[in-house]
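Have a look at target-v6.tsv; it's TSV, C-alpha atoms:
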chain	number	residue	atom	x	y	z
A	1	MET	CA	-81.16	24.28	27.94
A	2	LYS	CA	-79.12	27.35	27.03
A	3	LYS	CA	-76.58	26.48	29.71
A	4	ASN	CA	-76.17	22.96	28.31
A	5	VAL	CA	-75.63	24.28	24.77
A	6	PHE	CA	-73.10	26.81	26.04
A	7	ALA	CA	-71.24	24.13	28.02
A	8	GLY	CA	-71.13	21.88	24.95
A	9	ALA	CA	-69.73	24.67	22.82
A	10	VAL	CA	-67.02	25.37	25.40
A	11	LEU	CA	-66.02	21.70	25.50
A	12	LEU	CA	-65.76	21.57	21.70
A	13	LEU	CA	-63.65	24.71	21.68
A	14	LEU	CA	-61.29	23.32	24.32
A	15	ALA	CA	-60.97	20.06	22.39
A	16	ALA	CA	-60.11	21.97	19.22
A	17	CYS	CA	-57.53	24.05	21.07
A	18	GLY	CA	-56.02	20.91	22.57
A	19	LYS	CA	-55.47	19.43	19.12
A	20	SER	CA	-53.86	22.58	17.77
A	21	GLY	CA	-50.31	23.57	18.60
A	22	PRO	CA	-46.87	23.93	17.08
A	23	TYR	CA	-47.17	20.45	15.61
A	24	GLN	CA	-50.14	18.24	15.09
A	25	ALA	CA	-49.24	14.56	15.33
A	26	LEU	CA	-49.35	12.73	12.02
A	27	GLU	CA	-50.30	9.11	11.63
A	28	THR	CA	-47.32	6.94	10.71
A	29	ARG	CA	-48.01	5.09	7.49
A	30	VAL	CA	-45.80	3.52	4.85
A	31	ILE	CA	-46.65	4.05	1.20
A	32	ASP	CA	-46.16	0.77	-0.66
A	33	GLU	CA	-47.19	0.32	-4.29
A	34	ARG	CA	-45.00	-2.62	-5.28
A	35	LYS	CA	-47.91	-4.51	-6.78
A	36	GLY	CA	-47.57	-4.46	-10.54
A	37	ASN	CA	-43.93	-3.34	-10.51
A	38	GLU	CA	-41.21	-5.47	-8.96
A	39	PHE	CA	-38.35	-3.05	-9.58
A	40	LEU	CA	-39.26	-0.12	-7.32
A	41	ALA	CA	-36.78	1.27	-4.78
A	42	TYR	CA	-38.31	3.03	-1.76
A	43	GLU	CA	-36.78	5.69	0.47
A	44	HIS	CA	-38.77	6.80	3.52
A	45	SER	CA	-38.18	9.71	5.89
A	46	ILE	CA	-39.80	10.52	9.21
A	47	ASP	CA	-39.24	13.42	11.59
A	48	VAL	CA	-40.37	13.18	15.19
A	49	ALA	CA	-40.40	15.63	18.09
A	50	THR	CA	-40.05	14.52	21.68
A	51	ASN	CA	-38.89	15.89	25.01
A	52	GLN	CA	-35.21	16.74	25.12
A	53	ALA	CA	-34.60	14.15	27.85
A	54	GLN	CA	-36.18	11.44	25.66
A	55	ILE	CA	-34.03	11.97	22.57
A	56	GLN	CA	-31.11	9.83	23.74
A	57	PRO	CA	-33.30	6.90	24.95
A	58	LEU	CA	-35.33	6.90	21.72
A	59	TYR	CA	-32.15	7.10	19.64
A	60	GLU	CA	-30.65	4.09	21.42
A	61	LYS	CA	-33.96	2.23	21.28
A	62	VAL	CA	-34.22	2.52	17.49
A	63	ILE	CA	-30.61	1.41	17.00
A	64	ALA	CA	-31.06	-1.58	19.32
A	65	ALA	CA	-34.30	-2.57	17.58
A	66	CYS	CA	-32.61	-2.47	14.18
A	67	LYS	CA	-29.69	-4.61	15.33
A	68	ALA	CA	-32.08	-7.14	16.84
A	69	ASP	CA	-34.33	-7.38	13.77
A	70	THR	CA	-32.40	-10.02	11.85
A	71	GLU	CA	-35.63	-11.40	10.42
A	72	ASN	CA	-36.04	-8.30	8.25
A	73	ALA	CA	-32.30	-7.94	7.56
A	74	CYS	CA	-32.18	-4.52	9.23
A	75	LEU	CA	-28.86	-2.82	8.54
A	76	LEU	CA	-27.75	0.34	10.34
A	77	LEU	CA	-26.12	2.65	7.78
A	78	ASP	CA	-25.51	5.83	9.75
A	79	SER	CA	-26.33	7.28	13.16
A	80	SER	CA	-25.42	10.50	14.93
A	81	ILE	CA	-26.56	12.49	17.95
A	82	ALA	CA	-25.62	16.07	18.78
A	83	SER	CA	-25.93	17.84	22.11
A	84	GLY	CA	-25.55	21.46	23.07
A	85	ARG	CA	-27.96	24.26	22.28
A	86	TYR	CA	-30.14	22.08	20.06
A	87	VAL	CA	-30.20	18.37	20.82
A	88	HIS	CA	-31.08	16.23	17.82
A	89	ALA	CA	-30.36	12.79	16.41
A	90	ARG	CA	-30.37	11.17	12.98
A	91	ILE	CA	-30.52	7.50	11.99
A	92	SER	CA	-30.33	5.91	8.55
A	93	LEU	CA	-31.11	2.22	8.14
A	94	ARG	CA	-32.10	-0.30	5.51
A	95	ALA	CA	-34.51	-3.19	6.01
A	96	LYS	CA	-37.25	-5.21	4.37
A	97	PRO	CA	-40.62	-3.42	4.04
A	98	ALA	CA	-42.00	-5.22	7.09
A	99	GLY	CA	-39.01	-4.07	9.13
A	100	ILE	CA	-39.44	-0.49	7.96
A	101	LYS	CA	-43.05	-0.53	9.12
A	102	LYS	CA	-41.96	-1.78	12.53
A	103	MET	CA	-39.32	0.95	12.87
A	104	MET	CA	-41.71	3.71	11.84
A	105	ALA	CA	-44.33	2.43	14.27
A	106	LEU	CA	-41.71	2.40	17.04
A	107	VAL	CA	-40.61	5.96	16.32
A	108	GLY	CA	-44.20	7.20	16.00
A	109	LYS	CA	-45.15	5.58	19.30
A	110	ASP	CA	-42.41	7.26	21.35
A	111	GLY	CA	-42.44	10.62	19.55
A	112	GLU	CA	-44.76	13.06	17.84
A	113	VAL	CA	-44.53	12.72	14.06
A	114	THR	CA	-44.05	16.16	12.52
A	115	SER	CA	-43.33	15.18	8.92
A	116	GLN	CA	-43.18	12.05	6.82
A	117	GLY	CA	-42.38	11.32	3.21
A	118	THR	CA	-41.63	8.57	0.70
A	119	LYS	CA	-39.62	8.68	-2.53
A	120	VAL	CA	-39.92	5.94	-5.12
A	121	GLU	CA	-37.43	5.22	-7.90
A	122	ASP	CA	-38.15	2.85	-10.77
A	123	LEU	CA	-35.06	0.67	-11.32
A	124	GLY	CA	-36.58	-1.36	-14.15
A	125	ARG	CA	-34.27	0.06	-16.84
A	126	PRO	CA	-31.05	-0.17	-14.78
A	127	VAL	CA	-31.86	-3.78	-13.83
A	128	LEU	CA	-32.57	-4.68	-17.45
A	129	ASP	CA	-29.30	-3.09	-18.61
A	130	SER	CA	-27.40	-4.84	-15.82
A	131	ARG	CA	-28.78	-8.24	-16.74
A	132	LYS	CA	-28.00	-7.70	-20.43
A	133	ARG	CA	-24.41	-6.83	-19.56
A	134	LEU	CA	-24.09	-9.89	-17.33
A	135	ASP	CA	-25.41	-12.16	-20.10
A	136	MET	CA	-22.99	-10.68	-22.65
A	137	LEU	CA	-20.01	-11.08	-20.31
A	138	ARG	CA	-20.94	-14.66	-19.46
A	139	GLN	CA	-21.32	-15.55	-23.14
A	140	TYR	CA	-17.98	-13.93	-23.96
A	141	GLN	CA	-16.36	-15.77	-21.05
A	142	ALA	CA	-17.72	-19.08	-22.34
A	143	GLN	CA	-16.34	-18.35	-25.84
A	144	LEU	CA	-12.91	-17.52	-24.41
A	145	GLN	CA	-12.88	-20.71	-22.37
A	146	GLU	CA	-13.68	-22.67	-25.53
A	147	LEU	CA	-10.83	-20.92	-27.36
A	148	GLU	CA	-8.52	-21.76	-24.44
A	149	LYS	CA	-9.31	-25.44	-24.91
A	150	ARG	CA	-8.68	-25.24	-28.65
A	151	ALA	CA	-5.37	-23.42	-28.25
A	152	GLY	CA	-3.69	-26.62	-27.11
A	153	LYS	CA	0.07	-26.10	-26.99
A	154	ASP	CA	0.05	-22.72	-28.74
A	155	VAL	CA	1.73	-20.66	-25.99
A	156	ASP	CA	1.11	-17.26	-27.58
A	157	ALA	CA	-2.58	-17.99	-28.09
A	158	LEU	CA	-2.89	-19.30	-24.53
A	159	ILE	CA	-1.29	-16.12	-23.11
A	160	LYS	CA	-3.63	-13.83	-25.07
A	161	VAL	CA	-6.72	-15.84	-24.16
A	162	SER	CA	-5.70	-15.99	-20.49
A	163	LYS	CA	-5.25	-12.21	-20.32
A	164	GLU	CA	-8.62	-11.62	-21.93
A	165	LEU	CA	-10.23	-14.14	-19.58
A	166	ALA	CA	-8.78	-12.32	-16.58
A	167	THR	CA	-10.14	-9.00	-17.87
A	168	VAL	CA	-13.59	-10.48	-18.49
A	169	GLN	CA	-13.60	-12.12	-15.07
A	170	ALA	CA	-12.86	-8.76	-13.39
A	171	GLU	CA	-15.61	-7.03	-15.38
A	172	LEU	CA	-18.00	-9.86	-14.58
A	173	GLU	CA	-17.33	-9.53	-10.85
A	174	GLN	CA	-17.91	-5.76	-11.00
A	175	ALA	CA	-21.14	-6.18	-12.95
A	176	THR	CA	-22.34	-8.87	-10.52
A	177	ALA	CA	-21.64	-6.60	-7.54
A	178	ALA	CA	-23.49	-3.69	-9.21
A	179	ASP	CA	-26.46	-5.94	-9.95
A	180	ALA	CA	-26.48	-7.12	-6.32
A	181	VAL	CA	-26.64	-3.49	-5.13
A	182	LEU	CA	-29.62	-2.84	-7.40
A	183	MET	CA	-31.42	-5.92	-6.13
A	184	GLN	CA	-30.69	-4.93	-2.52
A	185	ARG	CA	-32.24	-1.50	-3.14
A	186	ILE	CA	-35.34	-3.25	-4.47
A	187	ALA	CA	-35.58	-5.94	-1.78
A	188	THR	CA	-35.01	-3.53	1.11
A	189	ASP	CA	-36.14	0.04	1.82
A	190	LEU	CA	-34.14	2.97	3.13
A	191	LEU	CA	-35.41	4.84	6.19
A	192	ASN	CA	-34.10	8.19	7.45
A	193	VAL	CA	-35.17	9.11	10.98
A	194	ALA	CA	-34.73	12.59	12.49
A	195	ILE	CA	-35.40	13.11	16.19
A	196	SER	CA	-35.49	16.55	17.78
A	197	ALA	CA	-37.01	18.47	20.68
A	198	GLU	CA	-38.32	21.26	18.44
A	199	GLY	CA	-41.81	22.27	19.55
A	200	LYS	CA	-41.45	20.23	22.75
A	201	GLN	CA	-39.29	22.56	24.82
A	202	SER	CA	-40.65	24.38	27.84
A	203	PHE	CA	-41.38	28.11	28.01
A	204	TRP	CA	-38.18	28.82	29.99
A	205	THR	CA	-35.82	26.78	27.80
A	206	PRO	CA	-34.97	29.66	25.40
A	207	VAL	CA	-34.53	31.99	28.39
A	208	GLN	CA	-32.17	29.58	30.12
A	209	ARG	CA	-30.25	29.11	26.87
A	210	SER	CA	-29.89	32.89	26.46
A	211	LEU	CA	-28.68	33.30	30.06
A	212	GLY	CA	-26.20	30.49	29.58
A	213	ASN	CA	-24.79	32.22	26.51
A	214	PHE	CA	-24.84	35.72	28.06
A	215	THR	CA	-21.07	35.98	28.65
A	216	ASP	CA	-20.26	34.60	25.18
A	217	ASN	CA	-22.69	37.02	23.54
A	218	LEU	CA	-21.33	39.92	25.62
A	219	SER	CA	-17.73	39.22	24.63
A	220	GLU	CA	-18.80	38.77	21.01
A	221	GLY	CA	-20.58	42.14	21.15
A	222	PHE	CA	-17.48	43.87	22.54
A	223	ALA	CA	-15.35	42.25	19.84
A	224	ASN	CA	-17.72	43.43	17.11
A	225	ALA	CA	-17.77	46.96	18.58
A	226	ILE	CA	-13.95	47.10	18.64
A	227	THR	CA	-13.80	45.84	15.07
A	228	ALA	CA	-16.34	48.45	13.95
A	229	LEU	CA	-14.36	51.18	15.76
A	230	ALA	CA	-11.17	50.08	14.01
A	231	TYR	CA	-12.91	50.46	10.65
A	232	MET	CA	-14.50	53.80	11.54
A	233	LEU	CA	-11.47	55.51	13.16
A	234	PRO	CA	-9.53	56.30	9.93
A	235	TRP	CA	-12.68	57.70	8.32
A	236	LEU	CA	-13.41	59.77	11.43
A	237	LEU	CA	-9.87	61.24	11.43
A	238	ALA	CA	-10.12	62.00	7.72
A	239	PHE	CA	-13.49	63.70	8.25
A	240	VAL	CA	-12.09	65.88	11.08
A	241	LEU	CA	-9.07	66.84	8.99
A	242	LEU	CA	-11.21	67.77	6.01
A	243	PHE	CA	-13.54	69.76	8.26
A	244	LEU	CA	-10.65	71.77	9.73
A	245	LEU	CA	-9.12	72.43	6.31
A	246	GLY	CA	-12.50	73.45	4.91
A	247	ARG	CA	-13.17	75.75	7.84
A	248	LYS	CA	-9.77	77.40	7.49
A	249	GLY	CA	-10.26	77.91	3.76
A	250	TRP	CA	-13.71	79.33	4.30
A	251	ARG	CA	-12.36	81.88	6.77
A	252	ARG	CA	-9.69	82.95	4.31
A	253	LEU	CA	-12.26	83.43	1.59
A	254	ARG	CA	-14.43	85.53	3.88
A	255	GLY	CA	-11.50	87.65	5.08
A	256	ALA	CA	-10.02	88.23	1.62
A	257	PRO	CA	-12.26	91.27	0.54
A	258	GLY	CA	-11.62	93.10	3.84
A	259	LYS	CA	-7.87	92.95	3.41
A	260	ARG	CA	-8.10	94.51	-0.04
Write out the structure in this file as structure tokens.
Amino acid sequence: MKKNVFAGAVLLLLAACGKSGPYQALETRVIDERKGNEFLAYEHSIDVATNQAQIQPLYEKVIAACKADTENACLLLDSSIASGRYVHARISLRAKPAGIKKMMALVGKDGEVTSQGTKVEDLGRPVLDSRKRLDMLRQYQAQLQELEKRAGKDVDALIKVSKELATVQAELEQATAADAVLMQRIATDLLNVAISAEGKQSFWTPVQRSLGNFTDNLSEGFANAITALAYMLPWLLAFVLLFLLGRKGWRRLRGAPGKR
């Protein structure tokens, strides 16, 4: 009986140790509270760790999945991958909420989620202001078009009204574009993905990296030593000169009473 209890305790301890580590995998989940507010803009971020050899395939897989997901209007905004001492990749994309969930599930499946976050911005006031401005510009445009009809053959009046109409049309196009950007931020979410091998590297990876950089570090150390010597040499010469002058003066002071 005691042996069985002891064996059970050992198994529990090993299971606990197996779950612990540099990173404990997090469950990928998308916070979505759009119910009750239709003007929320979401920005999600997810960091995943995977083996160094898997960073490039996962990076390309996410990009390909985004380009193929036309149903959720997935748009690749930015992507970069860096190699060298620390291999890592970053991807920024925009898609409908359903597409964001698919992308986060894809990343979480092929990597270990180390951190995840969501930021929400209420765009209710900006959207309201944008729509008010659009209504005012459209009403003003309609009034100018009515004045243009009434101007008849009055050339001066037609020129003034035409100039004002052109100005209003330009402002209306700018306001329409700004409103479209706001609505895009509401209809689609932003997702920032960071992929790295942090916490997934082998025991010898830092050692191999240090050996690979040995010659560079050695030359850098020599350069720093030479630079330090160049700074110290004038002070060393000044110290020696002052020491010799002080010693000579001290000898004169000690020999002065004997000479008298």
* Distance criterion (all atoms listed in the file): nearest to A:Leu123 out of A:Thr215, A:Gln174, A:Gln184, A:Thr50 -> A:Gln184
Using all atoms listed in the file, collect all residues at a distance of at most 10 Å from (-31.1, 5.4, 20.7) as written in the file, then present them as a compact mmCIF listing (two decimals) with C-alpha atoms, in the frame of the given file.
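Saved the output as selection.txt:
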# COMPACT_ATOMS: atom_id res chain seq x y z
CA GLN A 54 -36.18 11.44 25.66
CA ILE A 55 -34.03 11.97 22.57
CA GLN A 56 -31.11 9.83 23.74
CA PRO A 57 -33.30 6.90 24.95
CA LEU A 58 -35.33 6.90 21.72
CA TYR A 59 -32.15 7.10 19.64
CA GLU A 60 -30.65 4.09 21.42
CA LYS A 61 -33.96 2.23 21.28
CA VAL A 62 -34.22 2.52 17.49
CA ILE A 63 -30.61 1.41 17.00
CA ALA A 64 -31.06 -1.58 19.32
CA ALA A 65 -34.30 -2.57 17.58
CA SER A 79 -26.33 7.28 13.16
CA SER A 80 -25.42 10.50 14.93
CA ILE A 81 -26.56 12.49 17.95
CA ALA A 89 -30.36 12.79 16.41
CA ARG A 90 -30.37 11.17 12.98
CA ILE A 91 -30.52 7.50 11.99
CA ILE A 195 -35.40 13.11 16.19
* **Distance query 10 Å from (-14.5, -11.9, -21.7) using only C-alpha atoms, result as number ranges by chain** => A: 136-145, 161-172
* **Among listed residues A:Ala53, A:Leu237, A:Cys74, A:Ala230, nearest A:Tyr86 (using only C-alpha atoms)** => A:Ala53
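If you look at atom CA of A:Ser130 and atom CA of A:Val181, they are 10.8 Å away from each other.
Closest approach to A:Lys67 from the set A:Leu93, A:Leu158, A:Val87, A:Ala82 is made by A:Leu93, with distances taken over all atoms listed in the file.
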* Structure fact -> A:Asp179 proximity check over A:Asp154, A:Asp122, A:Asp129, A:Glu112, using all atoms listed in the file: winner is A:Asp129
* Find the distance between atom CA of A:Arg185 and atom CA of A:Ser115 and write it in Å to one decimal. => 23.4 Å
* Asked: Got a sec: who's within 6 Å of A:Ala197, counting only C-alpha atoms, leaving out chain neighbours fewer than 2 positions off, as a PyMOL selection string?
  -> chain A and resi 49-52+200
Would you save the residues from that selection as a JSON list (two decimals), keeping the file's coordinate frame, using C-alpha atoms?
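After the write, again14.json holds the following:
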[["chain", "number", "residue", "atom", "x", "y", "z"],
["A", 49, "ALA", "CA", -40.40, 15.63, 18.09],
["A", 50, "THR", "CA", -40.05, 14.52, 21.68],
["A", 51, "ASN", "CA", -38.89, 15.89, 25.01],
["A", 52, "GLN", "CA", -35.21, 16.74, 25.12],
["A", 200, "LYS", "CA", -41.45, 20.23, 22.75]]
Which polymer residues have any atom within 9 Å of an atom of stretch 69-71 of chain A, counting only C-alpha atoms, with same-chain residues fewer than 5 positions away left out, as a short mmCIF file (atom, residue, chain, number, x, y, z; two decimals) with C-alpha atoms, keeping the file's coordinate frame?
data_model
loop_
_atom_site.label_atom_id
_atom_site.label_comp_id
_atom_site.auth_asym_id
_atom_site.auth_seq_id
_atom_site.Cartn_x
_atom_site.Cartn_y
_atom_site.Cartn_z
CA ALA A 64 -31.06 -1.58 19.32
CA ALA A 95 -34.51 -3.19 6.01
CA LYS A 96 -37.25 -5.21 4.37
CA GLY A 99 -39.01 -4.07 9.13
#
* Asked: Between A:Ser196, A:Asn37, A:Ser92, A:Ser83, which one has atoms that come closest to A:Gly111, using all atoms listed in the file?
  -> A:Ser196
* Which distance in Å separates atom CA of A:Val240 and atom CA of A:Gly255, to one decimal? -> 22.6 Å
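Distance check against A:Leu77 using only C-alpha atoms: of A:Val120, A:Ile100, A:Leu191, A:Glu146, the minimum falls on A:Leu191.
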Would you mind completing stretch 41-69 of chain A so that it carries N, CA and C atoms, and writing it out as a compact mmCIF listing (two decimals), in the coordinates of the input?
# COMPACT_ATOMS: atom_id res chain seq x y z
N ALA A 41 -37.63 1.04 -5.94
CA ALA A 41 -36.78 1.27 -4.78
C ALA A 41 -37.41 2.37 -3.93
N TYR A 42 -37.61 2.11 -2.65
CA TYR A 42 -38.31 3.03 -1.76
C TYR A 42 -37.32 3.67 -0.78
N GLU A 43 -37.53 4.96 -0.55
CA GLU A 43 -36.78 5.69 0.47
C GLU A 43 -37.78 6.49 1.32
N HIS A 44 -37.83 6.17 2.60
CA HIS A 44 -38.77 6.80 3.52
C HIS A 44 -38.03 7.76 4.46
N SER A 45 -38.73 8.78 4.90
CA SER A 45 -38.18 9.71 5.89
C SER A 45 -39.26 10.05 6.89
N ILE A 46 -38.86 10.18 8.15
CA ILE A 46 -39.80 10.52 9.21
C ILE A 46 -39.10 11.41 10.23
N ASP A 47 -39.75 12.50 10.58
CA ASP A 47 -39.24 13.42 11.59
C ASP A 47 -40.17 13.38 12.80
N VAL A 48 -39.58 13.24 13.97
CA VAL A 48 -40.37 13.18 15.19
C VAL A 48 -39.84 14.19 16.21
N ALA A 49 -40.76 14.71 17.01
CA ALA A 49 -40.40 15.63 18.09
C ALA A 49 -40.73 14.96 19.41
N THR A 50 -39.83 15.09 20.36
CA THR A 50 -40.05 14.52 21.68
C THR A 50 -39.35 15.40 22.70
N ASN A 51 -39.55 15.11 23.97
CA ASN A 51 -38.89 15.89 25.01
C ASN A 51 -37.38 15.72 24.91
N GLN A 52 -36.66 16.77 25.26
CA GLN A 52 -35.21 16.74 25.12
C GLN A 52 -34.59 15.58 25.88
N ALA A 53 -35.14 15.25 27.04
CA ALA A 53 -34.60 14.15 27.85
C ALA A 53 -34.86 12.78 27.21
N GLN A 54 -35.81 12.70 26.27
CA GLN A 54 -36.18 11.44 25.66
C GLN A 54 -35.46 11.18 24.33
N ILE A 55 -34.69 12.15 23.87
CA ILE A 55 -34.03 11.97 22.57
C ILE A 55 -33.01 10.84 22.63
N GLN A 56 -32.13 10.87 23.61
CA GLN A 56 -31.11 9.83 23.74
C GLN A 56 -31.72 8.44 23.92
N PRO A 57 -32.71 8.23 24.83
CA PRO A 57 -33.30 6.90 24.95
C PRO A 57 -33.96 6.41 23.66
N LEU A 58 -34.68 7.30 22.96
CA LEU A 58 -35.33 6.90 21.72
C LEU A 58 -34.30 6.57 20.64
N TYR A 59 -33.25 7.35 20.59
CA TYR A 59 -32.15 7.10 19.64
C TYR A 59 -31.55 5.72 19.86
N GLU A 60 -31.23 5.39 21.10
CA GLU A 60 -30.65 4.09 21.42
C GLU A 60 -31.66 2.96 21.21
N LYS A 61 -32.92 3.24 21.46
CA LYS A 61 -33.96 2.23 21.28
C LYS A 61 -34.12 1.82 19.82
N VAL A 62 -34.09 2.81 18.92
CA VAL A 62 -34.22 2.52 17.49
C VAL A 62 -33.01 1.72 16.99
N ILE A 63 -31.83 2.12 17.42
CA ILE A 63 -30.61 1.41 17.00
C ILE A 63 -30.63 -0.03 17.50
N ALA A 64 -31.00 -0.23 18.76
CA ALA A 64 -31.06 -1.58 19.32
C ALA A 64 -32.10 -2.43 18.61
N ALA A 65 -33.24 -1.83 18.28
CA ALA A 65 -34.30 -2.57 17.58
C ALA A 65 -33.85 -2.99 16.19
N CYS A 66 -33.11 -2.12 15.53
CA CYS A 66 -32.61 -2.47 14.18
C CYS A 66 -31.61 -3.61 14.25
N LYS A 67 -30.69 -3.55 15.20
CA LYS A 67 -29.69 -4.61 15.33
C LYS A 67 -30.32 -5.95 15.69
N ALA A 68 -31.42 -5.90 16.42
CA ALA A 68 -32.08 -7.14 16.84
C ALA A 68 -32.99 -7.72 15.77
N ASP A 69 -33.37 -6.93 14.78
CA ASP A 69 -34.33 -7.38 13.77
C ASP A 69 -33.60 -8.07 12.62
